[in-house]
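This report concerns only the one structure given below.
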Amino acid sequence: MNYVVGIDVGTRMTRAVVVDDTGCERGRICQETGARLEVAAQQTLEELCVRHGVDRNLIVYVASTGYGRYRVPFRQIQITEMTCHAVGALRQFPGTRTVLDVGAMNSRALRIADNGRVVAFRMNDRCASGAGRFLERVAKSLEIELEQIGALSLRAQDPQPISSICAVLAESEVINHVTAGKPVEDILRGAHNSIAERVVALVRQVGAQPEITVTGGVTRNAGMVAALEERLGSCVNVSADSEYAGALGAAILAQQRWQRLQETPSSPERATA
Amino acid sequence: MLVAGVDVGSTGTKAALLDENKKVRALALVDTGANVVRAAERAFREALAKAELEEWDVSFTVGTGYGRYRVPFGDLQVTEISCHAKGACFLFPQTHTILDMGGQDTKAIRVSETAEVKDFSMNDKCAAGTGRFLTAAAQVLNLGLDDLASIASESKKPLKISNVCTVFVEQEIMMHLAKGCAVEDVLAGVHSAIAGRSIALLRRVGLEPEITFTGGVARNRAMVTALEERLKVKLNVAPESQHIGAIGAALFAWERAAHGEVGKTRSNSNGPAERDQRRSLT
């Protein structure tokens, strides 16, 4: 049996998904990226093989995506995260027409056609407002674990507004709320609402159509999903698999490409694969 | 007569004590932290201790900075813009433009001959081009804030830092380092990026010399050099640059006290009588 791998080297996490030659998922993994992207990619692949009992020599094709996609030395192809998230989201939720990818540094809104083609696209390219890093900073300034803030925010009685768009200036605002004796839950909900507002603005720019599927690392955070749903005024598709949408999309595209290459035997890529 | 100015900034809280001849008697600096009220009190007491004076010696106190309304012993609040203008023009009478670079705010201020604020511009939307940019760089590189300038000045080939966002720049720095770029070149790039942002602010108010550089970042030699190279003009930088807002506040207090106004630290206490009483007890 042959395997193909999709690897998504993000600013904070590197995720990989392995599928077999029929396109069925065989395993997944998520590790911190750190500063050395090549090392992160290599280690993630090795760990994926070890954990899921995949023979490295049977991996015939690798597609990389994410901001570090050009720094994956063992890739056969690199694909933009936009395309991968669209394909991954569509596999996970076939009714998807809008994808909202909220990562550590970047948030993207994509409108897609029913075949997965991206029709419109917007992202926060200038600054970290409306991205996961905003929450990381808030969590840090409140001295609360990142994993806990979502659940805490859901207990808010009176959400406190955070008016700064800037993740750095928002920190001082959080400290001001703390000094004023505001409950942590209310401050956290305010922070989640602030990001939701920024992200939903991106969604409106692409012209959202149901169903809306949320992907990216921030989907781990139930409070963020709730804040997004409140802002959008509608439910969103999200599951435990959502953070892997990019890597899954890359794996699916890799598998399709591998298949095509098999059908055209003269391709030079086959020999190297 | 003794007057006080307390400048509660986002990162540091500064206090200045001036005597009747407008001579600086003491300066103090503490971290603001989360408790703004306590920071103001600590800075004030530290300055008093340095001058070997007591709070009832202070005739009038002016609070400034973002936490100015939280200075419990403040008799009057004046914006940091007016205070920086006042302080800068006092130390450098030919000042027409002021660049105040603090922990989170960068402000460009244009003043008249009489130290009156004519125009100002600041980074109100985000932390780009502020001291926070340097703090972020120091954190990523695991260096002390005070080491940055000397390391940056060793650079032969400054890198171009393309990101404006403080959060994004952390990632960019990590990428440059992972690629094997020299720390000094990265740092020189960071300084140059901040200089670029603040010069844009200065241009909005008009770049009329002399330019006085105030705020905590003015202590950073590499920042001064980066600005001077781009502006092609020398900047006025005082050794007490970080305290110029507090000094300006104290000068406003001096004006009030000179008109005979008496603030609460003096009027609320029994003054020397209480001191004598306390001494007799001990």
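In the structure tokens, each chain is lettered A, B, ... as it comes, each chain's residues begin at 1, and ligands are numbered from 1 in order of appearance.
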
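In plain terms, chain A touches chain B through Thr11, Ala35, Arg36, Met105, Arg126, Cys127, Ala128, Arg133, Ser164, Ile165, Cys166, Ala167, Val168, Leu169, Ser172, Ile175, Asn176, Val178 and Thr179 of chain A, where touching means an atom at most 8 Å away, counting only C-alpha atoms.
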
Could you save those same residues with N, CA, C and O atoms as a PDB file, in the first residue's frame?
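In the end it all went to out-v2.pdb:
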ATOM      1  N   THR A  11       2.156  29.024  11.538  1.00  0.00           N
ATOM      2  CA  THR A  11       3.034  29.889  12.317  1.00  0.00           C
ATOM      3  C   THR A  11       3.237  29.337  13.719  1.00  0.00           C
ATOM      4  O   THR A  11       4.276  29.534  14.317  1.00  0.00           O
ATOM      5  N   ALA A  35      10.928  27.952  15.579  1.00  0.00           N
ATOM      6  CA  ALA A  35      11.572  28.868  14.640  1.00  0.00           C
ATOM      7  C   ALA A  35      12.126  28.166  13.409  1.00  0.00           C
ATOM      8  O   ALA A  35      12.281  28.772  12.358  1.00  0.00           O
ATOM      9  N   ARG A  36      12.466  26.885  13.537  1.00  0.00           N
ATOM     10  CA  ARG A  36      13.112  26.195  12.415  1.00  0.00           C
ATOM     11  C   ARG A  36      12.092  25.351  11.658  1.00  0.00           C
ATOM     12  O   ARG A  36      11.739  24.267  12.075  1.00  0.00           O
ATOM     13  N   MET A 105      -1.745  33.482  13.528  1.00  0.00           N
ATOM     14  CA  MET A 105      -1.337  34.797  13.031  1.00  0.00           C
ATOM     15  C   MET A 105      -2.291  35.339  11.983  1.00  0.00           C
ATOM     16  O   MET A 105      -2.374  36.535  11.783  1.00  0.00           O
ATOM     17  N   ARG A 126      -2.011  42.601   7.270  1.00  0.00           N
ATOM     18  CA  ARG A 126      -1.128  43.630   7.813  1.00  0.00           C
ATOM     19  C   ARG A 126      -0.809  43.433   9.284  1.00  0.00           C
ATOM     20  O   ARG A 126       0.241  43.822   9.754  1.00  0.00           O
ATOM     21  N   CYS A 127      -1.787  42.909  10.030  1.00  0.00           N
ATOM     22  CA  CYS A 127      -1.525  42.803  11.461  1.00  0.00           C
ATOM     23  C   CYS A 127      -2.274  41.648  12.093  1.00  0.00           C
ATOM     24  O   CYS A 127      -3.100  41.002  11.454  1.00  0.00           O
ATOM     25  N   ALA A 128      -1.968  41.399  13.359  1.00  0.00           N
ATOM     26  CA  ALA A 128      -2.459  40.204  14.047  1.00  0.00           C
ATOM     27  C   ALA A 128      -3.828  40.400  14.678  1.00  0.00           C
ATOM     28  O   ALA A 128      -4.283  39.541  15.419  1.00  0.00           O
ATOM     29  N   ARG A 133      -3.288  34.875  17.974  1.00  0.00           N
ATOM     30  CA  ARG A 133      -2.245  35.447  18.819  1.00  0.00           C
ATOM     31  C   ARG A 133      -2.808  36.489  19.790  1.00  0.00           C
ATOM     32  O   ARG A 133      -2.300  36.684  20.882  1.00  0.00           O
ATOM     33  N   SER A 164      -9.464  48.146  21.558  1.00  0.00           N
ATOM     34  CA  SER A 164      -8.265  48.127  20.716  1.00  0.00           C
ATOM     35  C   SER A 164      -8.334  46.996  19.717  1.00  0.00           C
ATOM     36  O   SER A 164      -8.692  45.881  20.059  1.00  0.00           O
ATOM     37  N   ILE A 165      -7.961  47.319  18.501  1.00  0.00           N
ATOM     38  CA  ILE A 165      -7.856  46.304  17.468  1.00  0.00           C
ATOM     39  C   ILE A 165      -6.511  45.616  17.621  1.00  0.00           C
ATOM     40  O   ILE A 165      -6.358  44.442  17.374  1.00  0.00           O
ATOM     41  N   CYS A 166      -5.536  46.383  18.056  1.00  0.00           N
ATOM     42  CA  CYS A 166      -4.156  45.901  18.140  1.00  0.00           C
ATOM     43  C   CYS A 166      -4.008  44.924  19.303  1.00  0.00           C
ATOM     44  O   CYS A 166      -4.385  45.211  20.437  1.00  0.00           O
ATOM     45  N   ALA A 167      -3.416  43.766  19.003  1.00  0.00           N
ATOM     46  CA  ALA A 167      -3.227  42.731  20.020  1.00  0.00           C
ATOM     47  C   ALA A 167      -2.355  43.239  21.168  1.00  0.00           C
ATOM     48  O   ALA A 167      -2.504  42.815  22.306  1.00  0.00           O
ATOM     49  N   VAL A 168      -1.451  44.143  20.861  1.00  0.00           N
ATOM     50  CA  VAL A 168      -0.539  44.646  21.884  1.00  0.00           C
ATOM     51  C   VAL A 168      -1.247  45.666  22.780  1.00  0.00           C
ATOM     52  O   VAL A 168      -1.171  45.593  24.007  1.00  0.00           O
ATOM     53  N   LEU A 169      -1.971  46.581  22.162  1.00  0.00           N
ATOM     54  CA  LEU A 169      -2.672  47.593  22.953  1.00  0.00           C
ATOM     55  C   LEU A 169      -3.812  46.965  23.754  1.00  0.00           C
ATOM     56  O   LEU A 169      -4.158  47.436  24.834  1.00  0.00           O
ATOM     57  N   SER A 172      -3.050  46.102  27.437  1.00  0.00           N
ATOM     58  CA  SER A 172      -3.184  47.140  28.468  1.00  0.00           C
ATOM     59  C   SER A 172      -4.640  47.316  28.837  1.00  0.00           C
ATOM     60  O   SER A 172      -4.971  47.582  29.982  1.00  0.00           O
ATOM     61  N   ILE A 175      -5.503  44.683  31.219  1.00  0.00           N
ATOM     62  CA  ILE A 175      -4.956  44.998  32.545  1.00  0.00           C
ATOM     63  C   ILE A 175      -5.821  46.058  33.241  1.00  0.00           C
ATOM     64  O   ILE A 175      -6.099  45.963  34.431  1.00  0.00           O
ATOM     65  N   ASN A 176      -6.289  47.029  32.458  1.00  0.00           N
ATOM     66  CA  ASN A 176      -7.171  48.050  33.034  1.00  0.00           C
ATOM     67  C   ASN A 176      -8.448  47.424  33.587  1.00  0.00           C
ATOM     68  O   ASN A 176      -8.913  47.799  34.654  1.00  0.00           O
ATOM     69  N   VAL A 178      -8.785  44.380  34.627  1.00  0.00           N
ATOM     70  CA  VAL A 178      -8.420  43.617  35.830  1.00  0.00           C
ATOM     71  C   VAL A 178      -8.311  44.561  37.020  1.00  0.00           C
ATOM     72  O   VAL A 178      -8.852  44.306  38.097  1.00  0.00           O
ATOM     73  N   THR A 179      -7.630  45.692  36.794  1.00  0.00           N
ATOM     74  CA  THR A 179      -7.446  46.677  37.866  1.00  0.00           C
ATOM     75  C   THR A 179      -8.792  47.201  38.350  1.00  0.00           C
ATOM     76  O   THR A 179      -8.984  47.455  39.531  1.00  0.00           O
TER      77      THR A 179
END

Could you give me the residues within segment 91-230 of chain B that DSSP places in strand (DSSP E), as a PDB file with C-alpha atoms, in the first residue's frame?
ATOM      1  CA  THR B  97       8.916  69.623  17.341  1.00  0.00           C
ATOM      2  CA  ILE B  98       8.848  66.845  19.902  1.00  0.00           C
ATOM      3  CA  LEU B  99       8.991  63.119  19.345  1.00  0.00           C
ATOM      4  CA  ASP B 100       7.859  61.256  22.440  1.00  0.00           C
ATOM      5  CA  MET B 101       8.418  57.531  22.238  1.00  0.00           C
ATOM      6  CA  THR B 106       4.559  57.374  20.036  1.00  0.00           C
ATOM      7  CA  LYS B 107       3.574  61.005  19.677  1.00  0.00           C
ATOM      8  CA  ALA B 108       4.737  63.797  17.419  1.00  0.00           C
ATOM      9  CA  ILE B 109       4.011  67.264  18.811  1.00  0.00           C
ATOM     10  CA  ARG B 110       4.527  70.668  17.216  1.00  0.00           C
ATOM     11  CA  VAL B 111       4.879  73.593  19.616  1.00  0.00           C
ATOM     12  CA  VAL B 117       0.908  72.773  21.574  1.00  0.00           C
ATOM     13  CA  LYS B 118       0.001  73.597  17.965  1.00  0.00           C
ATOM     14  CA  ASP B 119      -0.549  70.152  16.540  1.00  0.00           C
ATOM     15  CA  PHE B 120       0.016  66.550  17.425  1.00  0.00           C
ATOM     16  CA  SER B 121      -0.257  63.091  15.963  1.00  0.00           C
ATOM     17  CA  MET B 122       0.004  59.696  17.578  1.00  0.00           C
ATOM     18  CA  ILE B 211      13.503  68.417  17.339  1.00  0.00           C
ATOM     19  CA  THR B 212      13.575  67.105  20.888  1.00  0.00           C
ATOM     20  CA  PHE B 213      13.344  63.373  21.485  1.00  0.00           C
ATOM     21  CA  THR B 214      11.629  62.383  24.756  1.00  0.00           C
TER      22      THR B 214
END

| Using only C-alpha atoms, which residues sit within 10 Å of Ala139 of chain A once same-chain residues fewer than 5 positions away are excluded, as a PyMOL selection string? | chain A and resi 133-134+144-150+171+174+188+191

Could those residues be written to a file, using all heavy atoms, as an mmCIF file, in the first residue's frame?
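The result, written out as result-v3.cif:
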data_model
loop_
_atom_site.group_PDB
_atom_site.id
_atom_site.type_symbol
_atom_site.label_atom_id
_atom_site.label_comp_id
_atom_site.auth_asym_id
_atom_site.auth_seq_id
_atom_site.Cartn_x
_atom_site.Cartn_y
_atom_site.Cartn_z
ATOM 1 N N ARG A 133 -3.288 34.875 17.974
ATOM 2 C CA ARG A 133 -2.245 35.447 18.819
ATOM 3 C C ARG A 133 -2.808 36.489 19.790
ATOM 4 O O ARG A 133 -2.300 36.684 20.882
ATOM 5 C CB ARG A 133 -1.154 36.062 17.912
ATOM 6 C CG ARG A 133 0.144 36.402 18.595
ATOM 7 C CD ARG A 133 0.715 35.275 19.421
ATOM 8 N NE ARG A 133 1.191 34.154 18.639
ATOM 9 C CZ ARG A 133 2.418 34.051 18.168
ATOM 10 N NH1 ARG A 133 3.301 34.990 18.382
ATOM 11 N NH2 ARG A 133 2.781 32.999 17.483
ATOM 12 N N PHE A 134 -3.858 37.128 19.354
ATOM 13 C CA PHE A 134 -4.560 38.102 20.196
ATOM 14 C C PHE A 134 -5.001 37.412 21.489
ATOM 15 O O PHE A 134 -4.771 37.907 22.593
ATOM 16 C CB PHE A 134 -5.771 38.607 19.401
ATOM 17 C CG PHE A 134 -6.512 39.781 19.987
ATOM 18 C CD1 PHE A 134 -6.259 41.060 19.535
ATOM 19 C CD2 PHE A 134 -7.490 39.607 20.952
ATOM 20 C CE1 PHE A 134 -6.970 42.138 20.036
ATOM 21 C CE2 PHE A 134 -8.195 40.687 21.461
ATOM 22 C CZ PHE A 134 -7.935 41.956 21.001
ATOM 23 N N ILE A 144 -3.633 32.889 32.514
ATOM 24 C CA ILE A 144 -4.519 31.727 32.403
ATOM 25 C C ILE A 144 -4.031 30.891 31.218
ATOM 26 O O ILE A 144 -3.576 31.436 30.216
ATOM 27 C CB ILE A 144 -5.977 32.177 32.153
ATOM 28 C CG1 ILE A 144 -6.461 32.981 33.358
ATOM 29 C CG2 ILE A 144 -6.895 30.983 31.917
ATOM 30 C CD1 ILE A 144 -7.801 33.624 33.161
ATOM 31 N N GLU A 145 -4.128 29.556 31.360
ATOM 32 C CA GLU A 145 -3.715 28.669 30.271
ATOM 33 C C GLU A 145 -4.599 28.914 29.049
ATOM 34 O O GLU A 145 -5.820 29.059 29.175
ATOM 35 C CB GLU A 145 -3.853 27.202 30.697
ATOM 36 C CG GLU A 145 -2.858 26.763 31.757
ATOM 37 C CD GLU A 145 -1.430 26.766 31.242
ATOM 38 O OE1 GLU A 145 -1.213 26.333 30.091
ATOM 39 O OE2 GLU A 145 -0.536 27.213 31.986
ATOM 40 N N LEU A 146 -3.957 28.890 27.882
ATOM 41 C CA LEU A 146 -4.671 29.140 26.632
ATOM 42 C C LEU A 146 -5.837 28.163 26.449
ATOM 43 O O LEU A 146 -6.896 28.520 25.940
ATOM 44 C CB LEU A 146 -3.678 29.021 25.468
ATOM 45 C CG LEU A 146 -4.173 29.395 24.081
ATOM 46 C CD1 LEU A 146 -4.618 30.841 24.041
ATOM 47 C CD2 LEU A 146 -3.094 29.164 23.049
ATOM 48 N N GLU A 147 -5.648 26.934 26.895
ATOM 49 C CA GLU A 147 -6.672 25.899 26.719
ATOM 50 C C GLU A 147 -7.922 26.190 27.540
ATOM 51 O O GLU A 147 -8.989 25.654 27.262
ATOM 52 C CB GLU A 147 -6.133 24.521 27.116
ATOM 53 C CG GLU A 147 -5.118 23.936 26.133
ATOM 54 C CD GLU A 147 -3.789 24.654 26.151
ATOM 55 O OE1 GLU A 147 -3.410 25.186 27.221
ATOM 56 O OE2 GLU A 147 -3.131 24.721 25.089
ATOM 57 N N GLN A 148 -7.783 27.012 28.566
ATOM 58 C CA GLN A 148 -8.920 27.225 29.471
ATOM 59 C C GLN A 148 -9.771 28.449 29.141
ATOM 60 O O GLN A 148 -10.894 28.571 29.617
ATOM 61 C CB GLN A 148 -8.410 27.374 30.912
ATOM 62 C CG GLN A 148 -7.777 26.107 31.435
ATOM 63 C CD GLN A 148 -7.078 26.326 32.752
ATOM 64 O OE1 GLN A 148 -7.135 27.406 33.324
ATOM 65 N NE2 GLN A 148 -6.416 25.304 33.229
ATOM 66 N N ILE A 149 -9.206 29.359 28.352
ATOM 67 C CA ILE A 149 -9.883 30.649 28.209
ATOM 68 C C ILE A 149 -11.234 30.547 27.516
ATOM 69 O O ILE A 149 -12.162 31.262 27.849
ATOM 70 C CB ILE A 149 -8.998 31.698 27.495
ATOM 71 C CG1 ILE A 149 -8.603 31.226 26.111
ATOM 72 C CG2 ILE A 149 -7.781 32.032 28.328
ATOM 73 C CD1 ILE A 149 -7.934 32.315 25.311
ATOM 74 N N GLY A 150 -11.354 29.621 26.574
ATOM 75 C CA GLY A 150 -12.608 29.492 25.835
ATOM 76 C C GLY A 150 -13.752 29.112 26.756
ATOM 77 O O GLY A 150 -14.807 29.759 26.778
ATOM 78 N N GLU A 171 -3.740 44.312 25.352
ATOM 79 C CA GLU A 171 -3.179 43.824 26.609
ATOM 80 C C GLU A 171 -3.344 44.853 27.728
ATOM 81 O O GLU A 171 -3.734 44.502 28.839
ATOM 82 C CB GLU A 171 -1.687 43.579 26.422
ATOM 83 C CG GLU A 171 -1.293 42.150 26.465
ATOM 84 C CD GLU A 171 0.163 42.006 26.092
ATOM 85 O OE1 GLU A 171 1.005 42.152 26.966
ATOM 86 O OE2 GLU A 171 0.450 41.761 24.899
ATOM 87 N N VAL A 174 -6.858 44.992 28.819
ATOM 88 C CA VAL A 174 -7.178 43.861 29.690
ATOM 89 C C VAL A 174 -6.711 44.162 31.115
ATOM 90 O O VAL A 174 -7.439 43.958 32.088
ATOM 91 C CB VAL A 174 -6.518 42.569 29.154
ATOM 92 C CG1 VAL A 174 -6.539 41.463 30.187
ATOM 93 C CG2 VAL A 174 -7.224 42.114 27.883
ATOM 94 N N LEU A 188 -12.511 37.966 29.277
ATOM 95 C CA LEU A 188 -12.208 36.978 28.235
ATOM 96 C C LEU A 188 -13.277 36.978 27.148
ATOM 97 O O LEU A 188 -12.961 36.924 25.959
ATOM 98 C CB LEU A 188 -12.097 35.583 28.854
ATOM 99 C CG LEU A 188 -10.785 35.301 29.568
ATOM 100 C CD1 LEU A 188 -10.844 33.963 30.288
ATOM 101 C CD2 LEU A 188 -9.618 35.314 28.586
ATOM 102 N N ALA A 191 -12.684 39.770 24.873
ATOM 103 C CA ALA A 191 -11.573 39.523 23.945
ATOM 104 C C ALA A 191 -12.033 38.623 22.799
ATOM 105 O O ALA A 191 -11.707 38.877 21.630
ATOM 106 C CB ALA A 191 -10.406 38.879 24.689
#

| message | I'd like to know which residues of segment 68-140 of chain A are alpha helix (DSSP H) (by DSSP, run on the backbone); could you write them as an MDAnalysis selection string? | response | chainID A and resid 81:92 132:140

Using only C-alpha atoms, tabulate the residues of segment 58-161 of chain A lying at most 10 Å from any atom of segment 239-245 of chain A, each with its closest atom pair and that distance in Å to one decimal, by chain and increasing residue number, as a tab-separated table.
residue	atom	partner	partner_atom	distance
A:Glu81	CA	A:Ala245	CA	9.7
A:Cys84	CA	A:Ala245	CA	7.4
A:His85	CA	A:Ala245	CA	5.5
A:Ala86	CA	A:Ala245	CA	8.1
A:Val87	CA	A:Ala245	CA	7.9
A:Gly88	CA	A:Ala245	CA	4.4
A:Ala89	CA	A:Ala245	CA	5.6
A:Leu90	CA	A:Ala245	CA	8.9
A:Arg91	CA	A:Ala245	CA	8.5
A:Gln92	CA	A:Ala245	CA	7.7
A:Phe93	CA	A:Ser239	CA	9.6
A:Asp101	CA	A:Glu243	CA	8.8
A:Val102	CA	A:Glu243	CA	9.2
A:Gly103	CA	A:Glu243	CA	8.8

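Take atom CA of Leu58 of chain A and atom CA of Val19 of chain A: the distance between them is 11.4 Å.
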
| Contacts of Ser59 of chain B at 7 Å (only C-alpha atoms; same-chain gap of 5+ positions) as a PyMOL selection string | chain B and resi 1-3+257+262-263+266

Write a file of the selected residues as a JSON list (two decimals), in the first residue's frame, keeping N, CA and C atoms.
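Saved the output as out.json:
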[["chain", "number", "residue", "atom", "x", "y", "z"],
["B", 1, "MET", "N", 9.62, 76.45, 48.46],
["B", 1, "MET", "CA", 8.50, 75.86, 47.72],
["B", 1, "MET", "C", 8.97, 74.63, 46.95],
["B", 2, "LEU", "N", 8.14, 73.62, 46.98],
["B", 2, "LEU", "CA", 8.46, 72.40, 46.26],
["B", 2, "LEU", "C", 7.21, 71.95, 45.51],
["B", 3, "VAL", "N", 7.37, 71.55, 44.24],
["B", 3, "VAL", "CA", 6.23, 71.08, 43.46],
["B", 3, "VAL", "C", 6.57, 69.72, 42.86],
["B", 257, "ALA", "N", 1.46, 76.87, 41.96],
["B", 257, "ALA", "CA", 1.97, 77.19, 43.30],
["B", 257, "ALA", "C", 2.45, 78.64, 43.37],
["B", 262, "VAL", "N", -2.57, 75.99, 46.87],
["B", 262, "VAL", "CA", -2.00, 74.96, 47.74],
["B", 262, "VAL", "C", -2.76, 73.65, 47.52],
["B", 263, "GLY", "N", -2.02, 72.60, 47.23],
["B", 263, "GLY", "CA", -2.63, 71.31, 46.94],
["B", 263, "GLY", "C", -2.91, 70.49, 48.17],
["B", 266, "ARG", "N", -0.36, 69.07, 51.00],
["B", 266, "ARG", "CA", 0.05, 70.04, 52.02],
["B", 266, "ARG", "C", -1.12, 70.41, 52.93]]

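Separating atom CA of Phe121 of chain A from atom CA of Val17 of chain A is a distance of 24.6 Å.
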
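Note that atom CA of Leu253 of chain A and atom CA of Leu110 of chain A are 17.7 Å apart.
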